[in-house]
file target-v3.tsv (TSV, C-alpha atoms)
chain	number	residue	atom	x	y	z
A	129	MET	CA	57.02	25.96	-2.15
A	130	GLU	CA	55.09	23.15	-3.82
A	131	PRO	CA	53.50	23.60	-7.28
A	132	ARG	CA	49.94	23.46	-5.85
A	133	GLN	CA	50.65	26.12	-3.29
A	134	GLN	CA	52.36	28.27	-5.92
A	135	GLU	CA	49.26	28.01	-8.15
A	136	ASP	CA	46.96	28.99	-5.29
A	137	ARG	CA	49.15	32.00	-4.51
A	138	GLU	CA	49.21	33.10	-8.14
A	139	ILE	CA	45.43	32.81	-8.43
A	140	PHE	CA	44.97	34.73	-5.23
A	141	LEU	CA	47.42	37.40	-6.33
A	142	ALA	CA	45.86	37.66	-9.79
A	143	GLY	CA	42.44	38.22	-8.22
A	144	SER	CA	43.85	40.88	-5.94
A	145	LEU	CA	45.78	42.62	-8.71
A	146	ASP	CA	42.67	43.13	-10.74
A	147	LYS	CA	41.05	45.16	-8.02
A	148	GLU	CA	43.85	47.12	-6.36
A	149	PRO	CA	47.60	46.88	-5.77
A	150	LEU	CA	48.99	44.67	-2.97
A	151	LYS	CA	49.77	46.20	0.35
A	152	GLU	CA	52.06	44.89	3.06
A	153	VAL	CA	49.03	43.65	5.02
A	154	ASP	CA	47.84	41.58	2.02
A	155	GLU	CA	51.26	39.93	1.69
A	156	ASP	CA	51.18	38.94	5.36
A	157	ILE	CA	47.74	37.33	4.90
A	158	VAL	CA	48.98	35.44	1.84
A	159	SER	CA	52.01	34.13	3.69
A	160	GLU	CA	49.82	33.07	6.66
A	161	VAL	CA	47.52	31.13	4.32
A	162	ASP	CA	50.48	29.42	2.72
A	163	LEU	CA	51.99	28.55	6.11
A	164	ASN	CA	48.73	27.04	7.37
A	165	ASN	CA	48.40	24.82	4.27
A	166	THR	CA	51.96	23.50	4.33
A	167	VAL	CA	52.63	20.06	5.72
A	168	THR	CA	56.07	19.04	6.80
A	169	GLU	CA	57.69	15.90	5.46
A	170	GLU	CA	57.35	14.17	8.84
A	171	GLU	CA	53.64	14.94	9.05
A	172	ARG	CA	53.18	13.82	5.47
A	173	GLU	CA	54.91	10.48	6.18
A	174	GLU	CA	52.78	9.99	9.31
A	175	MET	CA	49.58	10.65	7.36
A	176	GLU	CA	50.61	8.28	4.57
A	177	ASN	CA	51.44	5.57	7.14
A	178	GLU	CA	48.08	6.11	8.84
A	179	LEU	CA	46.32	5.98	5.46
A	180	THR	CA	48.08	2.70	4.61
A	181	LYS	CA	47.10	1.20	7.99
A	182	LEU	CA	43.48	2.26	7.54
A	183	GLU	CA	43.34	0.71	4.07
A	184	GLU	CA	44.76	-2.55	5.45
A	185	GLU	CA	42.23	-2.55	8.30
A	186	ILE	CA	39.39	-1.90	5.86
A	187	THR	CA	40.55	-4.79	3.66
A	188	THR	CA	40.82	-7.06	6.72
A	189	LEU	CA	37.36	-6.08	7.93
A	190	LYS	CA	35.90	-6.75	4.48
A	191	GLN	CA	37.48	-10.22	4.49
A	192	VAL	CA	36.18	-10.95	8.00
A	193	LEU	CA	32.70	-9.75	7.01
A	194	ALA	CA	32.74	-11.92	3.88
A	195	SER	CA	33.72	-15.00	5.90
A	196	LYS	CA	31.03	-14.26	8.51
A	197	GLU	CA	28.39	-13.87	5.78
A	198	LYS	CA	29.50	-17.15	4.22
A	199	ARG	CA	29.24	-18.93	7.59
A	200	HIS	CA	25.85	-17.28	8.17
A	201	LEU	CA	24.58	-18.64	4.86
A	202	GLU	CA	25.95	-22.14	5.58
A	203	LEU	CA	24.22	-22.26	8.96
A	204	LYS	CA	20.93	-21.14	7.42
A	205	GLN	CA	21.17	-23.84	4.77
A	206	LYS	CA	21.92	-26.52	7.39
A	207	LEU	CA	18.95	-25.38	9.44
A	208	GLY	CA	16.72	-25.38	6.37
A	209	ILE	CA	15.99	-21.69	6.53
A	210	THR	CA	15.17	-20.63	3.00
A	211	PRO	CA	14.58	-17.11	1.76
A	212	LEU	CA	10.88	-17.95	1.58
A	213	CYS	CA	10.88	-19.03	5.24
A	214	GLU	CA	12.65	-15.81	6.18
A	215	LEU	CA	10.10	-13.81	4.23
A	216	ARG	CA	7.26	-15.58	6.04
A	217	GLN	CA	8.90	-15.01	9.41
A	218	ASN	CA	9.49	-11.36	8.64
A	219	PHE	CA	5.91	-10.98	7.46
A	220	SER	CA	4.55	-12.73	10.55
A	221	LYS	CA	6.69	-10.60	12.83
A	222	SER	CA	5.68	-7.42	11.02
A	223	TRP	CA	2.01	-8.43	11.17
A	224	TYR	CA	2.30	-9.18	14.89
A	225	ASP	CA	4.09	-5.87	15.51
A	226	MET	CA	1.40	-4.03	13.60
A	227	GLN	CA	-1.42	-5.74	15.49
A	228	THR	CA	0.14	-4.92	18.84
A	229	SER	CA	0.67	-1.28	17.92
A	230	THR	CA	-1.56	1.26	19.61
A	231	ALA	CA	-2.58	2.79	16.28
A	232	TYR	CA	-3.88	-0.60	15.05
A	233	LYS	CA	-5.76	-1.21	18.29
A	234	LYS	CA	-7.40	2.21	18.19
A	235	THR	CA	-8.34	1.79	14.53
A	236	SER	CA	-9.71	-1.69	15.18
A	237	GLU	CA	-11.83	-0.45	18.07
A	238	THR	CA	-13.12	2.46	16.00
A	239	LEU	CA	-14.06	0.20	13.09
A	240	SER	CA	-15.72	-2.28	15.45
A	241	THR	CA	-17.80	0.50	17.00
A	242	ALA	CA	-18.69	1.86	13.57
A	243	GLY	CA	-19.70	-1.65	12.42
A	244	GLN	CA	-21.94	-2.12	15.43
A	245	ARG	CA	-23.58	1.23	14.88
A	246	THR	CA	-24.10	0.52	11.19
A	247	SER	CA	-25.59	-2.89	11.98
A	248	ALA	CA	-27.96	-1.33	14.50
A	249	ALA	CA	-28.96	1.34	11.97
A	250	PHE	CA	-29.74	-1.28	9.30
A	251	SER	CA	-31.68	-3.32	11.83
A	252	ASN	CA	-33.72	-0.29	12.79
A	253	LEU	CA	-34.28	0.55	9.14
A	254	GLY	CA	-35.44	-3.01	8.42
A	255	ASN	CA	-37.86	-2.89	11.35
A	256	ALA	CA	-39.19	0.47	10.20
A	257	ILE	CA	-39.73	-0.82	6.66
A	258	SER	CA	-41.48	-3.96	7.96
A	259	ARG	CA	-43.78	-1.84	10.11
A	260	LYS	CA	-44.50	0.47	7.20
A	261	PHE	CA	-45.39	-2.45	4.92
A	262	GLY	CA	-47.60	-3.84	7.67
A	263	ASP	CA	-49.30	-0.48	7.96
A	264	ILE	CA	-49.74	-0.29	4.19
A	265	ARG	CA	-51.13	-3.82	4.03
A	266	ASN	CA	-53.67	-3.01	6.72
A	267	SER	CA	-54.67	0.26	5.09
A	268	PRO	CA	-58.11	0.55	3.43
A	269	SER	CA	-56.53	1.41	0.07
A	270	PHE	CA	-54.48	-1.78	-0.01
A	271	LYS	CA	-57.43	-3.87	1.11
A	272	SER	CA	-59.48	-2.41	-1.74
A	273	PHE	CA	-56.65	-3.13	-4.21
A	274	GLU	CA	-56.34	-6.69	-2.89
A	275	GLU	CA	-60.07	-7.29	-3.34
A	276	LYS	CA	-59.93	-6.00	-6.92
A	277	VAL	CA	-57.04	-8.35	-7.73
A	278	GLU	CA	-58.91	-11.30	-6.23
A	279	SER	CA	-62.04	-10.54	-8.25
A	280	THR	CA	-59.94	-10.16	-11.43
A	281	VAL	CA	-58.33	-13.54	-10.77
A	282	SER	CA	-61.74	-15.12	-10.25
A	283	ASN	CA	-63.00	-13.60	-13.52
A	284	ILE	CA	-59.95	-14.86	-15.42
A	285	LYS	CA	-60.40	-18.34	-13.97
A	286	SER	CA	-64.05	-18.48	-14.97
A	287	LYS	CA	-63.28	-17.27	-18.52
A	288	VAL	CA	-60.41	-19.73	-18.97
A	289	GLY	CA	-62.67	-22.57	-18.01
A	290	GLY	CA	-61.58	-23.20	-14.51
A	291	THR	CA	-63.80	-24.02	-11.64
A	292	GLY	CA	-64.06	-20.42	-10.59
A	293	GLY	CA	-63.08	-21.40	-7.06
A	294	ALA	CA	-60.29	-20.03	-5.08
A	295	GLY	CA	-56.72	-20.64	-6.29
A	296	SER	CA	-53.39	-19.00	-6.23
A	297	PHE	CA	-52.43	-16.30	-8.66
A	298	GLU	CA	-49.64	-18.52	-10.05
A	299	GLU	CA	-52.14	-21.31	-10.80
A	300	VAL	CA	-54.34	-18.88	-12.70
A	301	LEU	CA	-51.42	-17.60	-14.77
A	302	SER	CA	-50.21	-21.11	-15.61
A	303	SER	CA	-53.70	-22.26	-16.61
A	304	ALA	CA	-54.09	-19.13	-18.76
A	305	ALA	CA	-50.75	-19.85	-20.44
A	306	GLN	CA	-51.79	-23.45	-21.15
A	307	ALA	CA	-55.11	-22.33	-22.56
A	308	SER	CA	-53.52	-19.78	-24.87
A	309	SER	CA	-51.01	-22.30	-26.21
A	310	GLN	CA	-53.85	-24.73	-27.01
A	311	ASP	CA	-55.84	-22.01	-28.82
A	312	THR	CA	-53.08	-21.23	-31.37
A	313	PRO	CA	-52.43	-24.27	-33.58
A	314	THR	CA	-50.06	-22.32	-35.82
A	315	ASN	CA	-47.45	-22.42	-33.10
A	316	ASN	CA	-47.25	-26.17	-33.40
A	317	MET	CA	-46.92	-26.04	-37.19
A	318	THR	CA	-44.06	-23.56	-37.15
A	319	LYS	CA	-42.20	-25.71	-34.65
A	320	ASN	CA	-42.61	-28.79	-36.84
A	321	ASN	CA	-41.45	-26.97	-39.99
A	322	GLU	CA	-38.24	-25.78	-38.34
A	323	CYS	CA	-36.89	-29.31	-37.79
call {"tool": "encode", "arguments": {"input": "target-v3.tsv", "output": "structure tokens"}}
result
Amino acid sequence: MEPRQQEDREIFLAGSLDKEPLKEVDEDIVSEVDLNNTVTEEEREEMENELTKLEEEITTLKQVLASKEKRHLELKQKLGITPLCELRQNFSKSWYDMQTSTAYKKTSETLSTAGQRTSAAFSNLGNAISRKFGDIRNSPSFKSFEEKVESTVSNIKSKVGGTGGAGSFEEVLSSAAQASSQDTPTNNMTKNNEC
């Protein structure tokens, strides 16, 4: 019996002894376990030979793979295929694959439909707002407000020294600003003193 098998048997027996004494049936089980785990010298030699062959084949395959990878790299270099080119090709292929996928097509169609609906909604909203402003502008309240603004502009023009005729609101404001800057001579003095 080999040392490993002897150890296993002793451990097994020690565990059994703690609980109850061995019986004839237990000894038969122990001997069956030992017989199943034993390997004959012939079988052992066969397994070692097979293991050696497998290790040699693995080494050979690694060498063949290394030479194939080296040749692969040489061909790529001769063809001018750089890692960046490969990355671009992979990205392009992935992008194409994604675009041709059914999930992408369905999502694209859904987003397109949603975009069209949103555009139509904004268009309708813009039309509604334009109509509302038109309605407001034509309302009597707005007309009254507009008349008051026009009369105020006319009054300001006449007080500033303008002709009192019609003119745009911007013209009135600019003439008022010019008139107020001419009325305050201290502004000119402070500018001159700063230099």
call {"tool": "atom_distance", "arguments": {"input": "target-v3.tsv", "atom1": "CA of Lys285 (chain A)", "atom2": "CA of Ala304 (chain A)"}}
result
8.0 Å
call {"tool": "atom_distance", "arguments": {"input": "target-v3.tsv", "atom1": "CA of Ile264 (chain A)", "atom2": "CA of Asn252 (chain A)"}}
result
18.2 Å
call {"tool": "axis_aligned_box", "arguments": {"input": "target-v3.tsv", "around": "region 212-217 of chain A", "padding_each_side": "6 Å", "output": "lines of an AutoDock Vina configuration file"}}
result
center_x = 10.0
center_y = -16.4
center_z = 5.5
size_x = 17.4
size_y = 17.2
size_z = 19.8
call {"tool": "atom_distance", "arguments": {"input": "target-v3.tsv", "atom1": "CA of Thr280 (chain A)", "atom2": "CA of Phe261 (chain A)"}}
result
23.2 Å
